[in-house]
Amino acid sequence: MTRIRVLAIIFLCCLSASAHAFERIVSLKPNITEILFALDVGDNVVGVTTYCDYPSVAKDLPRVADYIKPFAEKLITAAPDVVIGSKENTSKKAIWQIQRMGYRVELFPFTTLEETLSSIESISELVGKKQKGRKLVNAIKAALDETGTGDVVSKPKVLVVWGQRPMIVTGPGSFMDELIEAVGAVNAAGKGTMKYPHWSMENVIAANPDVIVDMSMGSEINDLGAWSKFKTVSAVKNKKIVTLDDSLFRAGPRLPEAVQALTAAVFSSPLRGED
């Protein structure tokens with residue numbers, strides 16, 4: 001066997017191994033942690049963020065990062081073969097520092113549904129679970145294809161709120177904006193240029209949403225009494241204010257469940273106060 005052929009075989013073996021030889025993986029985002037577990041490589045995850053809480057076993061993994069950047073010392077302790085993160089809401093300086101420390105870093109986009117599906121497939125290829133990834137993507141696509149109700153005239157206006165103080169809503173071009181459209185509704189905050197704008201009381205009154213989906217976090221959870229001041233808004237008058245778990249709407253494997261929850265919130269949920 002010639003020397004060139006030997007080198008070629010070694011190169012191909014290394015290339016093949018790089019796609020599935022990650023015994024130690026660090027996830028820098030909650031949705032990525034969910035994706036990795038859905039791809040059956042959860043046993044290889046050795047570090048996650050302080051926000052990674054699903055599946056439940058992820059809560060017991062070492063916390064090596066917050067939502068924006070990793071903790072250097074804890075990352076060194078985890079000694080990962082690869083660090084997987086998102087291109088959004090990630091400190092570029094922190095990523096550069098991780099790379100300088102000698103760790104392999106792979107970042108994927110999750111801003112839109114198309115990017116999310118593509119990133120799931122790319123991650124599945126990276127960890128050697130291509131078929132599993134394709135199956136997961138097909139399940140999400142099927143859930144999106146099966147949903148949607150009503151015609152153009154009857155589409156309800158939906159306002160999705162991520163926080164009340166200050167009020168942050170889902171704007172146009174965002175991931176959640178696409179889900180609203182996918183279930184057959186209209187985003188009440190669909191005009192503008194910001195994906196997650198801050199809104200005032202006047203904005204809410206002017207938009208007059210038919211349904212308010214409140215996914216506020218922390219001390220604001222289930223604080224529906226805060227909406228009582230919006231007495232002229234249709235959603236308030238008709239008691240169509242629904243709370244949903246924001247973690248369900250991460251760009252990941254639980255999207256089929258998220259679509260069902262959003263559809264029920266918009267079209268099927270009983271009015272608050274009804275028997």
# chains A, B, ... in the order shown; residues from 1 in each chain; ligands from 1
call {"tool": "select_by_dssp", "arguments": {"residues": "segment 37-275 of chain A", "states": "strand (DSSP E or B)", "output": "ChimeraX atom specification"}}
result
/A:45-49,63-65,70,82-86,105-108,157-164,167-169,186-187,198-199,211-214,241-243
call {"tool": "write_last_selection", "arguments": {"atoms": "C-alpha atoms", "output": "PDB file, in the first residue's frame"}}
result
ATOM      1  CA  VAL A  45     -23.948  15.936  27.211  1.00  0.00           C
ATOM      2  CA  VAL A  46     -21.560  16.975  30.001  1.00  0.00           C
ATOM      3  CA  GLY A  47     -22.545  20.610  30.419  1.00  0.00           C
ATOM      4  CA  VAL A  48     -25.590  22.827  29.931  1.00  0.00           C
ATOM      5  CA  THR A  49     -26.868  26.320  30.768  1.00  0.00           C
ATOM      6  CA  ARG A  63     -24.195  24.279  34.696  1.00  0.00           C
ATOM      7  CA  VAL A  64     -21.359  25.632  32.572  1.00  0.00           C
ATOM      8  CA  ALA A  65     -23.025  28.715  31.046  1.00  0.00           C
ATOM      9  CA  PRO A  70     -20.156  30.218  29.315  1.00  0.00           C
ATOM     10  CA  VAL A  82     -17.431  20.053  21.066  1.00  0.00           C
ATOM     11  CA  VAL A  83     -19.402  23.080  22.247  1.00  0.00           C
ATOM     12  CA  ILE A  84     -22.718  23.643  20.456  1.00  0.00           C
ATOM     13  CA  GLY A  85     -24.498  26.999  20.583  1.00  0.00           C
ATOM     14  CA  SER A  86     -26.770  29.318  18.638  1.00  0.00           C
ATOM     15  CA  VAL A 105     -17.354  25.403  18.697  1.00  0.00           C
ATOM     16  CA  GLU A 106     -20.311  24.935  16.355  1.00  0.00           C
ATOM     17  CA  LEU A 107     -23.005  27.630  16.144  1.00  0.00           C
ATOM     18  CA  PHE A 108     -26.376  27.250  14.428  1.00  0.00           C
ATOM     19  CA  LYS A 157     -55.645  38.780  15.935  1.00  0.00           C
ATOM     20  CA  VAL A 158     -53.282  37.316  18.506  1.00  0.00           C
ATOM     21  CA  LEU A 159     -50.907  39.225  20.765  1.00  0.00           C
ATOM     22  CA  VAL A 160     -48.134  37.097  22.260  1.00  0.00           C
ATOM     23  CA  VAL A 161     -46.564  38.718  25.310  1.00  0.00           C
ATOM     24  CA  TRP A 162     -43.201  37.637  26.742  1.00  0.00           C
ATOM     25  CA  GLY A 163     -43.088  40.087  29.621  1.00  0.00           C
ATOM     26  CA  GLN A 164     -45.379  42.654  31.234  1.00  0.00           C
ATOM     27  CA  MET A 167     -44.178  44.755  27.947  1.00  0.00           C
ATOM     28  CA  ILE A 168     -42.363  42.755  25.272  1.00  0.00           C
ATOM     29  CA  VAL A 169     -44.391  41.253  22.436  1.00  0.00           C
ATOM     30  CA  VAL A 186     -52.799  37.000  12.589  1.00  0.00           C
ATOM     31  CA  ASN A 187     -50.078  38.602  14.669  1.00  0.00           C
ATOM     32  CA  HIS A 198     -41.462  47.002  23.685  1.00  0.00           C
ATOM     33  CA  TRP A 199     -45.105  48.036  23.726  1.00  0.00           C
ATOM     34  CA  VAL A 211     -56.648  36.851  21.941  1.00  0.00           C
ATOM     35  CA  ILE A 212     -53.770  37.575  24.307  1.00  0.00           C
ATOM     36  CA  VAL A 213     -51.294  34.760  24.906  1.00  0.00           C
ATOM     37  CA  ASP A 214     -49.316  35.691  28.004  1.00  0.00           C
ATOM     38  CA  ILE A 241     -56.439  35.777  27.877  1.00  0.00           C
ATOM     39  CA  VAL A 242     -54.437  32.555  28.007  1.00  0.00           C
ATOM     40  CA  THR A 243     -51.181  31.696  29.775  1.00  0.00           C
TER      41      THR A 243
END
call {"tool": "residues_around", "arguments": {"residues": "Asp66 of chain A", "least_positions_apart": "3", "cutoff": "12 Å", "atoms": "only C-alpha atoms", "output": "PyMOL selection string"}}
result
chain A and resi 27-30+47-52+62-63+69-72+74-75+85+89-91+94
call {"tool": "atom_distance", "arguments": {"atom1": "atom CA of Ser124 of chain A", "atom2": "atom CA of Gly173 of chain A"}}
result
25.9 Å
call {"tool": "residues_around", "arguments": {"residues": "Asp145 of chain A", "least_positions_apart": "3", "cutoff": "12 Å", "atoms": "only C-alpha atoms", "output": "ChimeraX atom specification"}}
result
/A:138-142,148-149,179,181-184,256,259-260
call {"tool": "atom_distance", "arguments": {"atom1": "atom CA of Ala185 of chain A", "atom2": "atom CA of Glu88 of chain A"}}
result
26.2 Å
call {"tool": "atom_distance", "arguments": {"atom1": "atom CA of Lys135 of chain A", "atom2": "atom CA of Leu61 of chain A"}}
result
26.4 Å
call {"tool": "select_by_dssp", "arguments": {"residues": "segment 1-152 of chain A", "states": "alpha helix (DSSP H)", "output": "PDB file with N, CA and C atoms, in the first residue's frame"}}
result
ATOM      1  N   ARG A   3       2.186   5.157   0.322  1.00  0.00           N
ATOM      2  CA  ARG A   3       2.087   6.123   1.425  1.00  0.00           C
ATOM      3  C   ARG A   3       0.900   7.067   1.221  1.00  0.00           C
ATOM      4  N   ILE A   4       0.648   7.483  -0.034  1.00  0.00           N
ATOM      5  CA  ILE A   4      -0.458   8.393  -0.338  1.00  0.00           C
ATOM      6  C   ILE A   4      -1.792   7.731  -0.023  1.00  0.00           C
ATOM      7  N   ARG A   5      -1.886   6.428  -0.346  1.00  0.00           N
ATOM      8  CA  ARG A   5      -3.143   5.727  -0.085  1.00  0.00           C
ATOM      9  C   ARG A   5      -3.389   5.585   1.418  1.00  0.00           C
ATOM     10  N   VAL A   6      -2.310   5.316   2.161  1.00  0.00           N
ATOM     11  CA  VAL A   6      -2.427   5.201   3.618  1.00  0.00           C
ATOM     12  C   VAL A   6      -2.911   6.515   4.220  1.00  0.00           C
ATOM     13  N   LEU A   7      -2.322   7.627   3.759  1.00  0.00           N
ATOM     14  CA  LEU A   7      -2.724   8.944   4.259  1.00  0.00           C
ATOM     15  C   LEU A   7      -4.175   9.246   3.915  1.00  0.00           C
ATOM     16  N   ALA A   8      -4.591   8.832   2.714  1.00  0.00           N
ATOM     17  CA  ALA A   8      -5.974   9.071   2.291  1.00  0.00           C
ATOM     18  C   ALA A   8      -6.953   8.306   3.176  1.00  0.00           C
ATOM     19  N   ILE A   9      -6.588   7.058   3.530  1.00  0.00           N
ATOM     20  CA  ILE A   9      -7.457   6.242   4.382  1.00  0.00           C
ATOM     21  C   ILE A   9      -7.555   6.856   5.776  1.00  0.00           C
ATOM     22  N   ILE A  10      -6.413   7.317   6.299  1.00  0.00           N
ATOM     23  CA  ILE A  10      -6.406   7.955   7.621  1.00  0.00           C
ATOM     24  C   ILE A  10      -7.278   9.200   7.620  1.00  0.00           C
ATOM     25  N   PHE A  11      -7.172  10.003   6.545  1.00  0.00           N
ATOM     26  CA  PHE A  11      -7.960  11.227   6.437  1.00  0.00           C
ATOM     27  C   PHE A  11      -9.455  10.920   6.416  1.00  0.00           C
ATOM     28  N   LEU A  12      -9.842   9.903   5.626  1.00  0.00           N
ATOM     29  CA  LEU A  12     -11.248   9.541   5.529  1.00  0.00           C
ATOM     30  C   LEU A  12     -11.776   9.003   6.849  1.00  0.00           C
ATOM     31  N   CYS A  13     -10.951   8.261   7.574  1.00  0.00           N
ATOM     32  CA  CYS A  13     -11.365   7.728   8.867  1.00  0.00           C
ATOM     33  C   CYS A  13     -11.576   8.859   9.871  1.00  0.00           C
ATOM     34  N   CYS A  14     -10.668   9.833   9.829  1.00  0.00           N
ATOM     35  CA  CYS A  14     -10.789  10.974  10.735  1.00  0.00           C
ATOM     36  C   CYS A  14     -12.029  11.793  10.405  1.00  0.00           C
ATOM     37  N   LEU A  15     -12.295  11.952   9.097  1.00  0.00           N
ATOM     38  CA  LEU A  15     -13.458  12.710   8.658  1.00  0.00           C
ATOM     39  C   LEU A  15     -14.738  12.032   9.102  1.00  0.00           C
ATOM     40  N   SER A  16     -14.763  10.696   8.971  1.00  0.00           N
ATOM     41  CA  SER A  16     -15.939   9.941   9.378  1.00  0.00           C
ATOM     42  C   SER A  16     -16.134   9.996  10.886  1.00  0.00           C
ATOM     43  N   ALA A  17     -15.031   9.871  11.615  1.00  0.00           N
ATOM     44  CA  ALA A  17     -15.109   9.858  13.073  1.00  0.00           C
ATOM     45  C   ALA A  17     -15.571  11.190  13.628  1.00  0.00           C
ATOM     46  N   PRO A  30     -30.887  26.189  25.868  1.00  0.00           N
ATOM     47  CA  PRO A  30     -31.893  25.197  26.283  1.00  0.00           C
ATOM     48  C   PRO A  30     -32.483  24.403  25.115  1.00  0.00           C
ATOM     49  N   ASN A  31     -32.755  25.074  23.994  1.00  0.00           N
ATOM     50  CA  ASN A  31     -33.350  24.350  22.861  1.00  0.00           C
ATOM     51  C   ASN A  31     -32.367  23.345  22.271  1.00  0.00           C
ATOM     52  N   ILE A  32     -31.076  23.677  22.312  1.00  0.00           N
ATOM     53  CA  ILE A  32     -30.065  22.749  21.795  1.00  0.00           C
ATOM     54  C   ILE A  32     -29.957  21.529  22.702  1.00  0.00           C
ATOM     55  N   THR A  33     -30.061  21.746  24.006  1.00  0.00           N
ATOM     56  CA  THR A  33     -30.069  20.627  24.945  1.00  0.00           C
ATOM     57  C   THR A  33     -31.223  19.685  24.633  1.00  0.00           C
ATOM     58  N   GLU A  34     -32.400  20.250  24.373  1.00  0.00           N
ATOM     59  CA  GLU A  34     -33.562  19.430  24.031  1.00  0.00           C
ATOM     60  C   GLU A  34     -33.329  18.666  22.730  1.00  0.00           C
ATOM     61  N   ILE A  35     -32.729  19.317  21.769  1.00  0.00           N
ATOM     62  CA  ILE A  35     -32.446  18.672  20.484  1.00  0.00           C
ATOM     63  C   ILE A  35     -31.500  17.492  20.680  1.00  0.00           C
ATOM     64  N   LEU A  36     -30.453  17.690  21.456  1.00  0.00           N
ATOM     65  CA  LEU A  36     -29.460  16.636  21.675  1.00  0.00           C
ATOM     66  C   LEU A  36     -30.088  15.415  22.349  1.00  0.00           C
ATOM     67  N   PHE A  37     -30.964  15.649  23.321  1.00  0.00           N
ATOM     68  CA  PHE A  37     -31.633  14.530  23.984  1.00  0.00           C
ATOM     69  C   PHE A  37     -32.609  13.847  23.025  1.00  0.00           C
ATOM     70  N   ALA A  38     -33.286  14.630  22.199  1.00  0.00           N
ATOM     71  CA  ALA A  38     -34.216  14.048  21.224  1.00  0.00           C
ATOM     72  C   ALA A  38     -33.474  13.207  20.187  1.00  0.00           C
ATOM     73  N   ALA A  72     -15.943  30.031  32.174  1.00  0.00           N
ATOM     74  CA  ALA A  72     -14.675  29.455  31.710  1.00  0.00           C
ATOM     75  C   ALA A  72     -14.187  28.284  32.565  1.00  0.00           C
ATOM     76  N   GLU A  73     -14.149  28.463  33.875  1.00  0.00           N
ATOM     77  CA  GLU A  73     -13.605  27.415  34.742  1.00  0.00           C
ATOM     78  C   GLU A  73     -14.441  26.137  34.682  1.00  0.00           C
ATOM     79  N   LYS A  74     -15.757  26.301  34.669  1.00  0.00           N
ATOM     80  CA  LYS A  74     -16.635  25.130  34.621  1.00  0.00           C
ATOM     81  C   LYS A  74     -16.565  24.445  33.265  1.00  0.00           C
ATOM     82  N   LEU A  75     -16.323  25.243  32.240  1.00  0.00           N
ATOM     83  CA  LEU A  75     -16.179  24.661  30.900  1.00  0.00           C
ATOM     84  C   LEU A  75     -14.919  23.808  30.836  1.00  0.00           C
ATOM     85  N   ILE A  76     -13.852  24.288  31.446  1.00  0.00           N
ATOM     86  CA  ILE A  76     -12.599  23.526  31.471  1.00  0.00           C
ATOM     87  C   ILE A  76     -12.799  22.207  32.209  1.00  0.00           C
ATOM     88  N   THR A  77     -13.540  22.256  33.298  1.00  0.00           N
ATOM     89  CA  THR A  77     -13.827  21.033  34.065  1.00  0.00           C
ATOM     90  C   THR A  77     -14.623  20.035  33.239  1.00  0.00           C
ATOM     91  N   ALA A  78     -15.556  20.545  32.434  1.00  0.00           N
ATOM     92  CA  ALA A  78     -16.381  19.665  31.594  1.00  0.00           C
ATOM     93  C   ALA A  78     -15.559  19.000  30.494  1.00  0.00           C
ATOM     94  N   LYS A  92     -20.106  36.979  21.242  1.00  0.00           N
ATOM     95  CA  LYS A  92     -19.057  36.650  20.272  1.00  0.00           C
ATOM     96  C   LYS A  92     -17.690  36.594  20.942  1.00  0.00           C
ATOM     97  N   LYS A  93     -17.490  37.487  21.900  1.00  0.00           N
ATOM     98  CA  LYS A  93     -16.217  37.502  22.624  1.00  0.00           C
ATOM     99  C   LYS A  93     -16.020  36.200  23.392  1.00  0.00           C
ATOM    100  N   ALA A  94     -17.101  35.718  24.019  1.00  0.00           N
ATOM    101  CA  ALA A  94     -17.019  34.477  24.782  1.00  0.00           C
ATOM    102  C   ALA A  94     -16.719  33.290  23.873  1.00  0.00           C
ATOM    103  N   ILE A  95     -17.347  33.266  22.701  1.00  0.00           N
ATOM    104  CA  ILE A  95     -17.097  32.181  21.748  1.00  0.00           C
ATOM    105  C   ILE A  95     -15.651  32.205  21.280  1.00  0.00           C
ATOM    106  N   TRP A  96     -15.154  33.393  21.011  1.00  0.00           N
ATOM    107  CA  TRP A  96     -13.758  33.542  20.583  1.00  0.00           C
ATOM    108  C   TRP A  96     -12.819  33.028  21.672  1.00  0.00           C
ATOM    109  N   GLN A  97     -13.132  33.312  22.926  1.00  0.00           N
ATOM    110  CA  GLN A  97     -12.300  32.853  24.037  1.00  0.00           C
ATOM    111  C   GLN A  97     -12.323  31.333  24.160  1.00  0.00           C
ATOM    112  N   ILE A  98     -13.505  30.742  23.932  1.00  0.00           N
ATOM    113  CA  ILE A  98     -13.607  29.279  23.981  1.00  0.00           C
ATOM    114  C   ILE A  98     -12.738  28.646  22.898  1.00  0.00           C
ATOM    115  N   GLN A  99     -12.788  29.236  21.717  1.00  0.00           N
ATOM    116  CA  GLN A  99     -11.986  28.715  20.616  1.00  0.00           C
ATOM    117  C   GLN A  99     -10.499  28.871  20.899  1.00  0.00           C
ATOM    118  N   ARG A 100     -10.113  29.955  21.519  1.00  0.00           N
ATOM    119  CA  ARG A 100      -8.705  30.170  21.874  1.00  0.00           C
ATOM    120  C   ARG A 100      -8.245  29.163  22.927  1.00  0.00           C
ATOM    121  N   LEU A 113     -38.371  29.420  11.453  1.00  0.00           N
ATOM    122  CA  LEU A 113     -38.697  27.996  11.407  1.00  0.00           C
ATOM    123  C   LEU A 113     -37.804  27.259  10.414  1.00  0.00           C
ATOM    124  N   GLU A 114     -37.566  27.877   9.279  1.00  0.00           N
ATOM    125  CA  GLU A 114     -36.705  27.254   8.272  1.00  0.00           C
ATOM    126  C   GLU A 114     -35.299  27.032   8.815  1.00  0.00           C
ATOM    127  N   GLU A 115     -34.770  28.050   9.504  1.00  0.00           N
ATOM    128  CA  GLU A 115     -33.438  27.914  10.094  1.00  0.00           C
ATOM    129  C   GLU A 115     -33.435  26.839  11.174  1.00  0.00           C
ATOM    130  N   THR A 116     -34.501  26.781  11.953  1.00  0.00           N
ATOM    131  CA  THR A 116     -34.582  25.790  13.020  1.00  0.00           C
ATOM    132  C   THR A 116     -34.544  24.370  12.473  1.00  0.00           C
ATOM    133  N   LEU A 117     -35.344  24.114  11.454  1.00  0.00           N
ATOM    134  CA  LEU A 117     -35.379  22.779  10.856  1.00  0.00           C
ATOM    135  C   LEU A 117     -34.032  22.419  10.236  1.00  0.00           C
ATOM    136  N   SER A 118     -33.430  23.382   9.566  1.00  0.00           N
ATOM    137  CA  SER A 118     -32.116  23.155   8.959  1.00  0.00           C
ATOM    138  C   SER A 118     -31.054  22.896  10.021  1.00  0.00           C
ATOM    139  N   SER A 119     -31.125  23.645  11.133  1.00  0.00           N
ATOM    140  CA  SER A 119     -30.138  23.494  12.197  1.00  0.00           C
ATOM    141  C   SER A 119     -30.285  22.149  12.907  1.00  0.00           C
ATOM    142  N   ILE A 120     -31.514  21.692  13.073  1.00  0.00           N
ATOM    143  CA  ILE A 120     -31.728  20.377  13.687  1.00  0.00           C
ATOM    144  C   ILE A 120     -31.070  19.297  12.838  1.00  0.00           C
ATOM    145  N   GLU A 121     -31.243  19.402  11.520  1.00  0.00           N
ATOM    146  CA  GLU A 121     -30.624  18.424  10.632  1.00  0.00           C
ATOM    147  C   GLU A 121     -29.099  18.525  10.675  1.00  0.00           C
ATOM    148  N   SER A 122     -28.586  19.742  10.730  1.00  0.00           N
ATOM    149  CA  SER A 122     -27.132  19.928  10.769  1.00  0.00           C
ATOM    150  C   SER A 122     -26.544  19.372  12.063  1.00  0.00           C
ATOM    151  N   ILE A 123     -27.227  19.609  13.175  1.00  0.00           N
ATOM    152  CA  ILE A 123     -26.753  19.083  14.461  1.00  0.00           C
ATOM    153  C   ILE A 123     -26.805  17.555  14.456  1.00  0.00           C
ATOM    154  N   SER A 124     -27.865  17.007  13.862  1.00  0.00           N
ATOM    155  CA  SER A 124     -27.980  15.549  13.808  1.00  0.00           C
ATOM    156  C   SER A 124     -26.841  14.935  12.998  1.00  0.00           C
ATOM    157  N   GLU A 125     -26.434  15.605  11.950  1.00  0.00           N
ATOM    158  CA  GLU A 125     -25.294  15.133  11.157  1.00  0.00           C
ATOM    159  C   GLU A 125     -24.002  15.254  11.959  1.00  0.00           C
ATOM    160  N   LEU A 126     -23.885  16.353  12.692  1.00  0.00           N
ATOM    161  CA  LEU A 126     -22.679  16.602  13.486  1.00  0.00           C
ATOM    162  C   LEU A 126     -22.463  15.503  14.526  1.00  0.00           C
ATOM    163  N   LYS A 130     -28.071  11.351  11.790  1.00  0.00           N
ATOM    164  CA  LYS A 130     -28.716  11.974  10.640  1.00  0.00           C
ATOM    165  C   LYS A 130     -30.145  11.477  10.436  1.00  0.00           C
ATOM    166  N   GLN A 131     -30.357  10.167  10.489  1.00  0.00           N
ATOM    167  CA  GLN A 131     -31.697   9.623  10.272  1.00  0.00           C
ATOM    168  C   GLN A 131     -32.656  10.062  11.373  1.00  0.00           C
ATOM    169  N   LYS A 132     -32.165  10.086  12.603  1.00  0.00           N
ATOM    170  CA  LYS A 132     -32.985  10.523  13.728  1.00  0.00           C
ATOM    171  C   LYS A 132     -33.375  11.993  13.554  1.00  0.00           C
ATOM    172  N   GLY A 133     -32.421  12.783  13.067  1.00  0.00           N
ATOM    173  CA  GLY A 133     -32.688  14.197  12.840  1.00  0.00           C
ATOM    174  C   GLY A 133     -33.721  14.420  11.757  1.00  0.00           C
ATOM    175  N   ARG A 134     -33.619  13.655  10.687  1.00  0.00           N
ATOM    176  CA  ARG A 134     -34.586  13.782   9.591  1.00  0.00           C
ATOM    177  C   ARG A 134     -35.987  13.396  10.053  1.00  0.00           C
ATOM    178  N   LYS A 135     -36.074  12.374  10.887  1.00  0.00           N
ATOM    179  CA  LYS A 135     -37.366  11.943  11.423  1.00  0.00           C
ATOM    180  C   LYS A 135     -37.970  13.034  12.301  1.00  0.00           C
ATOM    181  N   LEU A 136     -37.138  13.681  13.090  1.00  0.00           N
ATOM    182  CA  LEU A 136     -37.595  14.756  13.968  1.00  0.00           C
ATOM    183  C   LEU A 136     -38.093  15.947  13.160  1.00  0.00           C
ATOM    184  N   VAL A 137     -37.357  16.317  12.133  1.00  0.00           N
ATOM    185  CA  VAL A 137     -37.755  17.429  11.269  1.00  0.00           C
ATOM    186  C   VAL A 137     -39.059  17.122  10.555  1.00  0.00           C
ATOM    187  N   ASN A 138     -39.210  15.907  10.081  1.00  0.00           N
ATOM    188  CA  ASN A 138     -40.448  15.522   9.395  1.00  0.00           C
ATOM    189  C   ASN A 138     -41.647  15.579  10.337  1.00  0.00           C
ATOM    190  N   ALA A 139     -41.438  15.242  11.605  1.00  0.00           N
ATOM    191  CA  ALA A 139     -42.529  15.292  12.589  1.00  0.00           C
ATOM    192  C   ALA A 139     -42.967  16.737  12.821  1.00  0.00           C
ATOM    193  N   ILE A 140     -42.006  17.647  12.876  1.00  0.00           N
ATOM    194  CA  ILE A 140     -42.330  19.065  13.058  1.00  0.00           C
ATOM    195  C   ILE A 140     -43.069  19.606  11.841  1.00  0.00           C
ATOM    196  N   LYS A 141     -42.589  19.255  10.651  1.00  0.00           N
ATOM    197  CA  LYS A 141     -43.240  19.703   9.426  1.00  0.00           C
ATOM    198  C   LYS A 141     -44.671  19.184   9.355  1.00  0.00           C
ATOM    199  N   ALA A 142     -44.873  17.937   9.746  1.00  0.00           N
ATOM    200  CA  ALA A 142     -46.206  17.334   9.712  1.00  0.00           C
ATOM    201  C   ALA A 142     -47.146  18.076  10.658  1.00  0.00           C
ATOM    202  N   ALA A 143     -46.644  18.441  11.833  1.00  0.00           N
ATOM    203  CA  ALA A 143     -47.470  19.165  12.802  1.00  0.00           C
ATOM    204  C   ALA A 143     -47.877  20.529  12.261  1.00  0.00           C
ATOM    205  N   LEU A 144     -46.967  21.187  11.576  1.00  0.00           N
ATOM    206  CA  LEU A 144     -47.264  22.493  10.998  1.00  0.00           C
ATOM    207  C   LEU A 144     -48.242  22.374   9.835  1.00  0.00           C
ATOM    208  N   ASP A 145     -48.114  21.308   9.049  1.00  0.00           N
ATOM    209  CA  ASP A 145     -49.002  21.112   7.902  1.00  0.00           C
ATOM    210  C   ASP A 145     -50.428  20.784   8.336  1.00  0.00           C
ATOM    211  N   GLU A 146     -50.565  20.130   9.479  1.00  0.00           N
ATOM    212  CA  GLU A 146     -51.878  19.690   9.935  1.00  0.00           C
ATOM    213  C   GLU A 146     -52.664  20.784  10.644  1.00  0.00           C
TER     214      GLU A 146
END
call {"tool": "closest_residue", "arguments": {"among": "A:Gly252, A:Pro166, A:Gly128, A:Gly42", "to": "Met217 of chain A", "atoms": "only C-alpha atoms"}}
result
A:Pro166
